[in-house]
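What follows is a short report on a single structure.
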Amino acid sequence: MSADTLATARPAVELEGITKRFPGVVANHDICITVQPGTVHAIVGENGAGKSTLMKILYGMQKPDEGTIKINGTEVSFRTPSDAIEVGIGMVHQHFMLADNFTVLENIVLGAEPKRAGRLDTASARRRIIELAETHGLRVDPDKLVEDLGVGDRQRVEILKVLYRGARILILDEPTAVLVPQEVDELFQNLRELKAEGLTVIFISHKLDEVLGIADAITVIRRGTTVASVDPREVTARQLAELMVGSELPTAETRDSTVTDTVALRVSHLTVEADGHHPPPKGVGFAGYAARLREEGKRLLLDDVTFQVRKGEILGIAGVEGNGQSELIEAIMGIRPAHGLVELDGRDISHWSTLKRREAGIGYIPEDRHRQGLLLEASLWENRVLGHQTRKPARRGIWVDRKASKADTQRIIEAYDVRTPSVETLALALSGGNQQKLIVGREMSGDPAFLIAAHPTRGVDVGAQAAIWDHLRNARAAGLAVLLISADLDELIGLSDCIQVIYRGRLVAALDPCEITPEQLGGYMTGAIAGNEEK
Amino acid sequence: MPAGLNRALLTVVGAAVAVVLAIAVCSVAIVVAGGSPIDALAAFFDFGESARAQSNSVATLLNRAVPLFIAGLAVAVGFRMNLFNIGVEGQYRIAAICAAFVGSTFTAPAPIQITVIILVAAAVGGLYALIPAVMKVTRGVNEVISTIMLNYIAIALSAYLLREPFAGERAEGQLNTTTPPLPESGMFPDLNFVFEWFGMLPPTRNGGLWGFLLVAVVLGVVIWVVLERTRFGFNIKASGLNGPAALASGVNPKTMIIAAMMLSGGIAGLIGLPEILGDRGAYTNNFTAGLGFLGIAVALLGRNKPVGIAFAALLFAFLDRAQGALQFADIPASVVTIIQGAIVLLVVVANEVTNRIALRIEERRAAQQLGRNTPVEVAA
Amino acid sequence: MTKVRKYHLALIAVAGLILVVSLVRVLTGFDDLTSSGTVGAALILAVPIALAGLGGLWAERAGVVNIGLEGMMVLGTWFAGWAGYQWGPWAALVAGLIGGALGGLLHAVATVTFGVDHIISGVAINLLGPGITRFLSEVLYKEGTPAAEAGAGITSSPAVSGDTPTISLPLLSSGPDLLGKLESTHWFLVADIAGVLRGLTHEMNLLVVLAVLLLPLTFFVLWHTAFGLRLRSAGENPWAAESLGVNVYRIKYIAVVISGAFAGLGGVFLVFVSDKYVEGQTQGRGFIGLAAMIFGNWRPGGLAAGSALFGYANGLQLRSAQTVNTFFLFGAVLLLVYIALQIRRMTAPDRPAELAAPGGRQYVLMALAVVGAAVLFWLWLVIDQLPNDFVFITPHVLTLLVLLVASQRLRMPKADGVSYRRGEQH
């Protein structure tokens with residue numbers, strides 16, 4: 001391919017004056033970026049700065065309102081992703097774009113299928129994929145169903161998808177968000193190999209240490225526009241942060257321990273079956289039943305999980321996504337039936353409904369605020385009522401107390417600094433950070449005894465992140481027991497009083513956050529370091 | 001509140017555009033069929049020559065609107081929580097025949113007699129709707145398919161009931177099979193006196209203006225209050241907007257499905273009563289069919305809100321009333337069905353479009369009020 | 001490996017089924033249970049259901065729920081009748097196909113372009129289909145038109161002119177008709193198999209054969225071509241497909257239009273069965289086709305089994321309404337088999353943990369099964385002939401029962417019924 005020789009003369013990607021407006025907001029404004037071929041070019045900016053929109057524009061998923069895109073010196077105009085694929089651009093999306101019920105092979109060839117006599121030529125596709133996988137060190141089994149793959153494998157499939165199409169320019173949108181440090185190292189190794197083969201990589205992130213470790217050039221985006229292009233050898237993380245948010249990045253540091261001796265929530269032997277919940281047979285008892293299930297090699301989503309959270313304590317749960325965190329939350333909330341014991345303030349609540357558990361003082365910041373936390377098409381005050389239907393101030397007999405609910409929503413808006421025109425505004429009109437602050441405010445209402453905070457700062461801007469961390473710390477100081485689940489290891493280590501690692505549905509290690517590094521934590525999370533499971 | 005007003009206004013405009021477009025589509029059809037759209041339009045507004053005929057036409061219109069309104073309410077209760085009760089058709093048929101039969105077996109003072117009939121109808125409708133609800137809750141059976149199948153079963157079952165166990169005596173030379181007649185105390189008093197207030201002659205055809213209209217109005221108000229003001233209504237709305245979020249908030253989806261289906265079926269049970277209590281006094285084999293399916297259309301047109309449903313029911317009744325007049329004008333009466341179908345399709349399209357516009361406006365408004373002209377990433 | 005085992009299982013299931021049916025036939029003396037006449041009728045009746053089901057399959061594999069199949073089928077019947085009486089059966093075929101496809105196009109415009117809820121659009125089409133056909137009949141078949149003189153009325157078209165070719169297997173089911181001879185012996189099992197085979201091969205309409213071939217053709221297209229992969233990707237994860245440059249809108253349009261065409265084709269076959277268009281002749285077969293597809297777990301093979309079941313129930317009911325009673329006996333036998341299997345599982349040494357010491361639930365289920373079997377057996381003994389109304393709803397009741405049993409094991413396409421908009425990820 002002659003691209004290598006050509007490319008040295010011209011930049012691989014040139015973006016000039018890119019502007020994109022959405023109703024009421026400008027997502028990108030006068031963006032200028034030049035990416036040299038055969039380099040890893042990082043684009044950094046905080047959540048909500050406009051990075052993803054920019055990449056969607058570069059990949060043909062959005063059309064810019066103004067500005068030009070040049071690829072290898074030629075001006076292009078993309079109408080659909082296929083136009084971008086055509087000129088050799090490939091994108092690895094932040095949220096994987098994979099069909100779970102398809103095999104790896106089907107996912108990879110989709111849209112660029114090899115054909116023979118009208119049939120899908122799976123044999124040659126398989127050969128090609130295996131060959132690509134071997135040359136780039138991206139091992140996958142082409143005939144496995146994607147739903148059976150872990151996060152790291154899925155990302156490799158995504159990269160293979162892009163390589164299969166012969167892409168020379170790779171865009172990776174927040175590729176490390178769901179990876180543990182070891183996997184990040186592996187990914188970076190892969191990226192370096194790709195770079196060595198002359199490919200250009202555009203790497204989007206807000207994790208500055210990683211960026212400094214891999215990038216050859218860095219462009220900083222702030223509030224939708226490019227504010228600086230810097231050489232990674234000449235800046236520190238601190239300076240980058242300064243450029244990115246205009247101040248130091250907030251840190252998730254907790255000071256003195258406020259842990260008390262009173263146990264707020266105790267979970268004992270929590271076990272969840274993968275193929276539907278069966279009540280333990282009479283006479284056998286739950287313990288014998290669980291042992292039997294294990295013996296038969298039945299898959300368990302949660303396996304004998306035992307822990308306790310005391311008042312004033314934040315217990316962090318670390319784990320690669322899909323190792324049972326969601327099931328643990330759902331079991332504690334009473335959404336998913338489970339074996340074992342859940343006690344709140346010493347009362348057995350194992351058989352209580354979700355409603356009763358909430359009334360008893362369990363608050364819940366869900367992992368996906370759009371899916372589980374909000375009624376997007378309802379007003380803010382209605383969202384305030386959600387989860388508090390049976391409690392003051394929302395309840396008045398069989399009625400919803402609209403007046404009191406609105407007044408209390410106003411209180412949350414003020415106390416939690418939710419930026420909104422009024423309590424009647426629809427939830428979807430708010431930015432992610434403000435939505436999340438509303439949820440935090442709602443879940444802290446009514447004096448919860450115990451709070452589940454699942455990824456409380458995922459996808460929110462730095463300001464909101466700092467505010468939410470403050471609220472969690474203050475509540476902890478006031479005696480709240482918190483179960484913190486997060487993929488952000490700095491957040492976990494910074495906020496938690498104690499960290500439990502979950503791996504394949506089991507708690508495999510209890511760690512002291514003062515003495516652990518993210519790398520060590522990652523080792524436990526991937527099962528590379530065996531924990532204290534052999535008791 | 002300007003935002004709410006905006007949204008309401010957009011909705012009305014959308015619906016109006018849809019109706020106009022539907023009329024345009026049908027005008028084309030009429031022209032192709034060799035008729036004149038002007039004649040057709042005239043037929044729709046032709047309420048008759050004599051004063052008596054006009055009164056009759058108005059009564060027919062309102063009498064048609066009442067069951068359509070109730071049917072729309074029944075469907076809307078389910079739709080509000082994304083529960084597609086396509087089974088209203090079957091529920092009201094089976095409820096109507098059971099209520100008519102039970103009502104004919106005893107005689108009591110009118111208020112008691114009528115109350116019992118209404119309660120029986122609601123109970124039967126609710127219980128019949130309980131079947132798909134239980135199937136969904138316990139076995140995960142999609143309610144759309146199950147209610148469709150139950151419609152066929154209900155229709156066959158009511159045909160059987162009418163022929164065998166619930167059959168009344170057939171008069172000499174009478175071709176229709178029918179349940180035994182209700183006693184006099186089972187007939188709902190008519191509202192013909194209302195016409196006199198307006199200086200019109202009282203209608204005479206088909207029992208005049210059926211008194212069940214009052215029940216429908218009360219029902220509409222009650223349903224509005226339940227849906228918009230109570231915690232139950234809130235839970236229905238939350239389940240419809242976002243099931244997982246409702247679940248996480250402590251709403252039990254199974255209870256809600258059972259409750260909403262029973263409520264929907266219970267209302268559906270009343271659909272047949274205006275006709276039975278107002279005119280026929282029995283369930284016969286030429287009892288008005290298809291009201292359940294039309295109820296779906298009415299609910300969609302009224303955007304699942306009682307007030308909207310009332311207007312939609314009146315519109316559909318207005319269109320239906322013209323069938324006779326259309327035939328006189330030598331225009332195929334089935335044009336009415338086409339208009340109705342086209343309106344539904346166009347209205348749901350208009351709903352989508354206006355919804356999207358409304359959300360856009362809301363986003364822009366929020367941004368402006370916050371002075372957020374600084375760029376912000378929009379979550380896709 | 002797994003494929004072979006599945007295939008074997010299916011064969012064993014069919015063999016077992018024939019055995020049970022044969023047993024019931026000998027016990028009851030209702031020879032119609034497996035007569036070639038019944039099987040032939042069943043096939044003819046299964047074809048429209050299977051075609052509607054295929055329609056559903058194409059649409060739902062591409063992520064569009066299509067309960068408008070019924071309305072599209074109605075359009076198919078009317079156009080088939082209208083073209084058929086003028087230009088013969090082949091024209092009927094083409095016209096019905098187009099009629100259904102137009103209905104599909106409407107559904108596609110509403111659901112794909114405008115993002116209307118799929119169920120709502122389907123309901124609207126089910127209202128529109130009969131409305132449009134009634135209107136067309138009123139215009140084209142009214143008194144004084146040539147059509148009316150040819151025998152049309154407001155509710156029916158004139159008879160379809162001309163015949164379609166039929167074929168039979170030489171020797172076996174025509175001429176010496178060896179299978180026919182075997183069948184008339186009424187021997188246990190032998191006669192049953194002969195009856196089934198003869199029913200499938202005797203004077204079979206060529207169009208029916210072609211229609212049946214559409215099942216494997218669909219399987220091939222959807223699972224073994226690039227186009228099929230793209231179509232299914234639109235039903236599993238349209239955003240992934242979009243990000244790889246697949247034009248999801250176009251795929252969905254094609255799929256839904258084909259879906260409508262299949263439904264229309266199903267209507268054509270109904271017209272062939274009664275030789276003309278009659279208003280309301282679909283009798284909800286579009287919905288039953290949809291049920292057959294769900295029963296078949298969104299796969300062509302399962303769909304074929306589902307339609308065969310419903311077609312058989314329908315055919316039996318038409319051939320001899322009395323025989324439908326044997327369904328009670330049949331149900332009782334199936335329940336007994338279930339109980340026996342359950343007992344074996346519970347007493348087996350390597351029983352799974354959840355059955356190790358059966359809880360109350362198991363016992364309740366077993367008791368219910370026993371009671372059910374007894375009731376069914378009693379019904380079979382007591383009832384001479386079911387009222388016609390009940391006979392008519394046999395397929396509908398079967399659908400409900402099947403859904404009750406099978407619903408939880410089904411896996412529909414992941415993005416089925418999801419309103420997809422380009423560039424807006426969920």
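Labels for the structure tokens follow display order: chains A, B, ..., residues from 1 in each chain, ligands from 1.
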Per residue of chain A within 6 Å of chain B, record the nearest atom pair and its distance in Å to one decimal, counting only C-alpha atoms, with rows in chain order and ascending residue number, as JSON lines.
```
{"residue": "A:Pro23", "atom": "CA", "partner": "B:Arg364", "partner_atom": "CA", "distance": 5.3}
{"residue": "A:Gly24", "atom": "CA", "partner": "B:Arg364", "partner_atom": "CA", "distance": 3.9}
{"residue": "A:Val25", "atom": "CA", "partner": "B:Pro375", "partner_atom": "CA", "distance": 5.7}
{"residue": "A:Val26", "atom": "CA", "partner": "B:Pro375", "partner_atom": "CA", "distance": 4.4}
{"residue": "A:Ala27", "atom": "CA", "partner": "B:Pro375", "partner_atom": "CA", "distance": 4.9}
{"residue": "A:Gly48", "atom": "CA", "partner": "B:Glu377", "partner_atom": "CA", "distance": 4.5}
{"residue": "A:Ala49", "atom": "CA", "partner": "B:Glu377", "partner_atom": "CA", "distance": 5.9}
{"residue": "A:Gly50", "atom": "CA", "partner": "B:Glu377", "partner_atom": "CA", "distance": 4.8}
{"residue": "A:Arg223", "atom": "CA", "partner": "B:Pro375", "partner_atom": "CA", "distance": 5.2}
{"residue": "A:Gly224", "atom": "CA", "partner": "B:Pro375", "partner_atom": "CA", "distance": 5.3}
{"residue": "A:Thr354", "atom": "CA", "partner": "B:Gly250", "partner_atom": "CA", "distance": 4.7}
{"residue": "A:Leu355", "atom": "CA", "partner": "B:Gly250", "partner_atom": "CA", "distance": 3.9}
{"residue": "A:Gln372", "atom": "CA", "partner": "B:Ala245", "partner_atom": "CA", "distance": 3.8}
{"residue": "A:Gly373", "atom": "CA", "partner": "B:Ala245", "partner_atom": "CA", "distance": 5.3}
{"residue": "A:Leu386", "atom": "CA", "partner": "B:Ser249", "partner_atom": "CA", "distance": 5.9}
{"residue": "A:Gly387", "atom": "CA", "partner": "B:Ser249", "partner_atom": "CA", "distance": 3.8}
{"residue": "A:Ile398", "atom": "CA", "partner": "B:Thr230", "partner_atom": "CA", "distance": 5.7}
{"residue": "A:Trp399", "atom": "CA", "partner": "B:Thr230", "partner_atom": "CA", "distance": 4.1}
{"residue": "A:Val400", "atom": "CA", "partner": "B:Arg231", "partner_atom": "CA", "distance": 5.3}
{"residue": "A:Pro421", "atom": "CA", "partner": "B:Gln369", "partner_atom": "CA", "distance": 5.8}
{"residue": "A:Ala429", "atom": "CA", "partner": "B:Glu363", "partner_atom": "CA", "distance": 4.5}
```
- Message: Among range 141-261 of chain A, which residues does DSSP mark as strand (DSSP E) when it is run on the backbone? Keep the chain and numbering as in the structure and answer as a PyMOL selection string.
- Response: chain A and resi 169-173+200-205+217-222+225-230
- Which residue, A:Asp275, A:Asp261, A:Asp497, A:Glu234, has the smallest gap to chain C when you use only C-alpha atoms?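 Of A:Asp275, A:Asp261, A:Asp497, A:Glu234, the one nearest chain C is A:Asp275, counting only C-alpha atoms.
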- Residues of range 227-311 of chain C in alpha helix (DSSP H) according to DSSP, as a PyMOL selection string? chain C and resi 227-236+238-243+248-274+285-295+300-311
Chain C residues within 8 Å of chain B, counting only C-alpha atoms: which ones, as an mmCIF file with N, CA and C atoms, in the first residue's frame?
```
data_model
loop_
_atom_site.group_PDB
_atom_site.id
_atom_site.type_symbol
_atom_site.label_atom_id
_atom_site.label_comp_id
_atom_site.auth_asym_id
_atom_site.auth_seq_id
_atom_site.Cartn_x
_atom_site.Cartn_y
_atom_site.Cartn_z
ATOM 1 N N ALA C 110 -45.016 4.164 8.098
ATOM 2 C CA ALA C 110 -45.406 4.619 9.440
ATOM 3 C C ALA C 110 -44.338 4.273 10.473
ATOM 4 N N PHE C 114 -41.566 7.256 10.143
ATOM 5 C CA PHE C 114 -42.106 8.167 11.151
ATOM 6 C C PHE C 114 -41.940 7.646 12.576
ATOM 7 N N GLY C 115 -41.454 6.443 12.725
ATOM 8 C CA GLY C 115 -41.191 5.944 14.071
ATOM 9 C C GLY C 115 -42.437 5.729 14.910
ATOM 10 N N VAL C 116 -43.574 5.454 14.256
ATOM 11 C CA VAL C 116 -44.805 5.174 14.995
ATOM 12 C C VAL C 116 -44.661 3.819 15.696
ATOM 13 N N ILE C 120 -49.371 -0.027 17.126
ATOM 14 C CA ILE C 120 -50.412 0.931 16.765
ATOM 15 C C ILE C 120 -50.574 0.992 15.253
ATOM 16 N N SER C 121 -49.459 1.062 14.545
ATOM 17 C CA SER C 121 -49.547 1.090 13.090
ATOM 18 C C SER C 121 -50.228 -0.182 12.582
ATOM 19 N N ALA C 124 -53.899 0.026 13.041
ATOM 20 C CA ALA C 124 -54.494 0.932 12.054
ATOM 21 C C ALA C 124 -54.634 0.222 10.711
ATOM 22 N N ILE C 125 -53.627 -0.565 10.345
ATOM 23 C CA ILE C 125 -53.699 -1.264 9.064
ATOM 24 C C ILE C 125 -54.792 -2.328 9.096
ATOM 25 N N LEU C 127 -57.497 -2.000 10.631
ATOM 26 C CA LEU C 127 -58.757 -1.273 10.429
ATOM 27 C C LEU C 127 -58.906 -0.886 8.968
ATOM 28 N N LEU C 128 -57.790 -0.435 8.389
ATOM 29 C CA LEU C 128 -57.824 0.094 7.024
ATOM 30 C C LEU C 128 -58.066 -0.998 5.984
ATOM 31 N N GLY C 131 -61.580 -1.811 5.487
ATOM 32 C CA GLY C 131 -62.255 -0.603 5.019
ATOM 33 C C GLY C 131 -62.007 -0.364 3.546
ATOM 34 N N ILE C 132 -60.744 -0.471 3.143
ATOM 35 C CA ILE C 132 -60.401 -0.229 1.744
ATOM 36 C C ILE C 132 -61.057 -1.269 0.843
ATOM 37 N N ARG C 134 -63.730 -3.049 1.398
ATOM 38 C CA ARG C 134 -65.169 -2.839 1.333
ATOM 39 C C ARG C 134 -65.485 -1.697 0.357
ATOM 40 N N PHE C 135 -64.680 -0.650 0.481
ATOM 41 C CA PHE C 135 -64.871 0.497 -0.404
ATOM 42 C C PHE C 135 -64.707 0.075 -1.860
ATOM 43 N N GLU C 138 -67.623 -1.865 -3.009
ATOM 44 C CA GLU C 138 -68.803 -1.024 -3.224
ATOM 45 C C GLU C 138 -68.693 -0.255 -4.535
ATOM 46 N N VAL C 139 -67.469 0.107 -4.903
ATOM 47 C CA VAL C 139 -67.301 0.864 -6.143
ATOM 48 C C VAL C 139 -67.322 -0.069 -7.350
ATOM 49 N N PHE C 287 -53.334 -13.308 12.258
ATOM 50 C CA PHE C 287 -52.920 -13.363 13.665
ATOM 51 C C PHE C 287 -52.411 -14.752 14.015
ATOM 52 N N ALA C 291 -48.917 -16.009 15.495
ATOM 53 C CA ALA C 291 -48.773 -16.920 16.638
ATOM 54 C C ALA C 291 -47.888 -18.108 16.253
ATOM 55 N N PRO C 387 -70.412 -27.929 20.185
ATOM 56 C CA PRO C 387 -71.112 -26.914 19.397
ATOM 57 C C PRO C 387 -70.131 -26.296 18.401
ATOM 58 N N ASP C 389 -69.530 -23.426 17.487
ATOM 59 C CA ASP C 389 -68.787 -22.245 17.922
ATOM 60 C C ASP C 389 -67.452 -22.634 18.540
ATOM 61 N N PHE C 390 -67.490 -23.723 19.311
ATOM 62 C CA PHE C 390 -66.263 -24.139 19.982
ATOM 63 C C PHE C 390 -65.294 -24.789 19.008
ATOM 64 N N PHE C 392 -64.911 -23.960 16.032
ATOM 65 C CA PHE C 392 -64.296 -22.880 15.270
ATOM 66 C C PHE C 392 -63.080 -22.295 15.980
ATOM 67 N N ILE C 393 -63.134 -22.252 17.320
ATOM 68 C CA ILE C 393 -62.048 -21.579 18.029
ATOM 69 C C ILE C 393 -60.915 -22.517 18.421
ATOM 70 N N HIS C 396 -57.485 -21.081 17.962
ATOM 71 C CA HIS C 396 -57.214 -19.961 18.861
ATOM 72 C C HIS C 396 -56.869 -20.461 20.256
ATOM 73 N N VAL C 397 -57.626 -21.458 20.712
ATOM 74 C CA VAL C 397 -57.349 -22.010 22.037
ATOM 75 C C VAL C 397 -55.982 -22.685 22.033
ATOM 76 N N THR C 399 -53.475 -21.928 20.216
ATOM 77 C CA THR C 399 -52.458 -20.871 20.246
ATOM 78 C C THR C 399 -52.198 -20.413 21.672
ATOM 79 N N LEU C 400 -53.273 -20.165 22.409
ATOM 80 C CA LEU C 400 -53.107 -19.702 23.788
ATOM 81 C C LEU C 400 -52.361 -20.738 24.620
ATOM 82 N N LEU C 403 -48.719 -20.811 23.711
ATOM 83 C CA LEU C 403 -48.018 -19.642 24.241
ATOM 84 C C LEU C 403 -47.785 -19.784 25.736
ATOM 85 N N LEU C 404 -48.789 -20.321 26.428
ATOM 86 C CA LEU C 404 -48.651 -20.505 27.873
ATOM 87 C C LEU C 404 -47.478 -21.408 28.182
ATOM 88 N N VAL C 405 -47.346 -22.472 27.397
ATOM 89 C CA VAL C 405 -46.293 -23.442 27.678
ATOM 90 C C VAL C 405 -44.933 -22.907 27.234
ATOM 91 N N SER C 407 -43.901 -19.657 26.001
ATOM 92 C CA SER C 407 -43.489 -18.254 25.945
ATOM 93 C C SER C 407 -42.131 -17.972 26.566
ATOM 94 N N GLN C 408 -41.835 -18.620 27.689
ATOM 95 C CA GLN C 408 -40.634 -18.230 28.406
ATOM 96 C C GLN C 408 -39.363 -18.752 27.763
ATOM 97 N N GLY C 423 -28.850 7.694 13.813
ATOM 98 C CA GLY C 423 -28.046 8.647 14.573
ATOM 99 C C GLY C 423 -28.494 8.849 16.010
ATOM 100 N N GLU C 424 -29.587 8.207 16.417
ATOM 101 C CA GLU C 424 -30.030 8.355 17.799
ATOM 102 C C GLU C 424 -29.925 7.016 18.483
ATOM 103 N N GLN C 425 -28.817 6.824 19.171
ATOM 104 C CA GLN C 425 -28.696 5.533 19.832
ATOM 105 C C GLN C 425 -29.597 5.498 21.043
ATOM 106 N N HIS C 426 -30.128 4.315 21.326
ATOM 107 C CA HIS C 426 -31.126 4.142 22.392
ATOM 108 C C HIS C 426 -30.791 4.785 23.693
#
```
- Message: At a cut-off of 8 Å, using only C-alpha atoms, what residues contact Leu376 in chain A? Leave out same-chain residues fewer than 3 positions from it and give the result as a list in words.
- Response: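 Non-adjacent residues within range: His370, Ser379, Leu426, Ala427 and Leu428 of chain A; Leu241 of chain B.
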Limited to N, CA and C atoms, could you put the picked residues into a file as a PDB file, in the first residue's frame?
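After the write, out_20.pdb holds the following:
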```
ATOM      1  N   HIS A 370     -30.683   6.933  32.699  1.00  0.00           N
ATOM      2  CA  HIS A 370     -31.772   7.044  31.734  1.00  0.00           C
ATOM      3  C   HIS A 370     -32.682   5.831  31.781  1.00  0.00           C
ATOM      4  N   SER A 379     -41.885  15.676  34.077  1.00  0.00           N
ATOM      5  CA  SER A 379     -41.282  16.869  34.671  1.00  0.00           C
ATOM      6  C   SER A 379     -40.372  16.488  35.840  1.00  0.00           C
ATOM      7  N   LEU A 426     -39.031  19.251  31.622  1.00  0.00           N
ATOM      8  CA  LEU A 426     -38.899  17.809  31.430  1.00  0.00           C
ATOM      9  C   LEU A 426     -37.464  17.384  31.740  1.00  0.00           C
ATOM     10  N   ALA A 427     -37.338  16.191  32.301  1.00  0.00           N
ATOM     11  CA  ALA A 427     -36.025  15.728  32.744  1.00  0.00           C
ATOM     12  C   ALA A 427     -35.033  15.646  31.587  1.00  0.00           C
ATOM     13  N   LEU A 428     -35.535  15.356  30.386  1.00  0.00           N
ATOM     14  CA  LEU A 428     -34.605  15.147  29.272  1.00  0.00           C
ATOM     15  C   LEU A 428     -33.938  16.438  28.822  1.00  0.00           C
TER      16      LEU A 428
ATOM     17  N   LEU B 241     -43.933   5.146  30.941  1.00  0.00           N
ATOM     18  CA  LEU B 241     -42.811   5.935  30.421  1.00  0.00           C
ATOM     19  C   LEU B 241     -41.501   5.173  30.502  1.00  0.00           C
TER      20      LEU B 241
END
```
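Computed from the coordinates, the CA of Gly90 in chain B to CA of Val215 in chain B distance equals 21.6 Å.
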- C:Ala10, C:Arg232, C:Thr326, C:Ile44 ranked by distance to Leu23 in chain C, top pick (using only C-alpha atoms):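 Using only C-alpha atoms, Leu23 in chain C sits closest to C:Thr326.
Residues with any atom within 8 Å of Leu105 in chain A, counting only C-alpha atoms and excluding same-chain neighbours fewer than 6 positions away, are Thr122, Ala125, Arg126, Ile129, Pro142 and Asp143 of chain A.
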Limited to N, CA and C atoms, could you put the picked residues into a file as a PDB file, in the first residue's frame?
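What ended up in out-v5.pdb:
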```
ATOM      1  N   THR A 122     -18.517 -17.906   4.653  1.00  0.00           N
ATOM      2  CA  THR A 122     -18.019 -17.891   6.033  1.00  0.00           C
ATOM      3  C   THR A 122     -16.607 -18.461   6.121  1.00  0.00           C
ATOM      4  N   ALA A 125     -14.113 -15.797   5.297  1.00  0.00           N
ATOM      5  CA  ALA A 125     -14.173 -14.777   6.337  1.00  0.00           C
ATOM      6  C   ALA A 125     -13.433 -15.264   7.581  1.00  0.00           C
ATOM      7  N   ARG A 126     -13.655 -16.520   7.933  1.00  0.00           N
ATOM      8  CA  ARG A 126     -13.009 -17.061   9.119  1.00  0.00           C
ATOM      9  C   ARG A 126     -11.488 -17.043   8.959  1.00  0.00           C
ATOM     10  N   ILE A 129     -10.215 -13.501   9.344  1.00  0.00           N
ATOM     11  CA  ILE A 129     -10.277 -12.997  10.728  1.00  0.00           C
ATOM     12  C   ILE A 129      -9.158 -13.611  11.559  1.00  0.00           C
ATOM     13  N   PRO A 142     -13.709 -16.837  16.384  1.00  0.00           N
ATOM     14  CA  PRO A 142     -14.711 -16.247  15.487  1.00  0.00           C
ATOM     15  C   PRO A 142     -16.095 -16.885  15.600  1.00  0.00           C
ATOM     16  N   ASP A 143     -16.198 -18.081  16.132  1.00  0.00           N
ATOM     17  CA  ASP A 143     -17.499 -18.748  16.132  1.00  0.00           C
ATOM     18  C   ASP A 143     -18.231 -18.656  17.467  1.00  0.00           C
TER      19      ASP A 143
END
```
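Summary of the local environment: counting only C-alpha atoms, residues at most 7 Å from Ile202 in chain A, other than itself and those fewer than 6 positions away along its chain, are A:Val40, A:His41, A:Ala42, A:Leu170, A:Ile171, A:Leu172.
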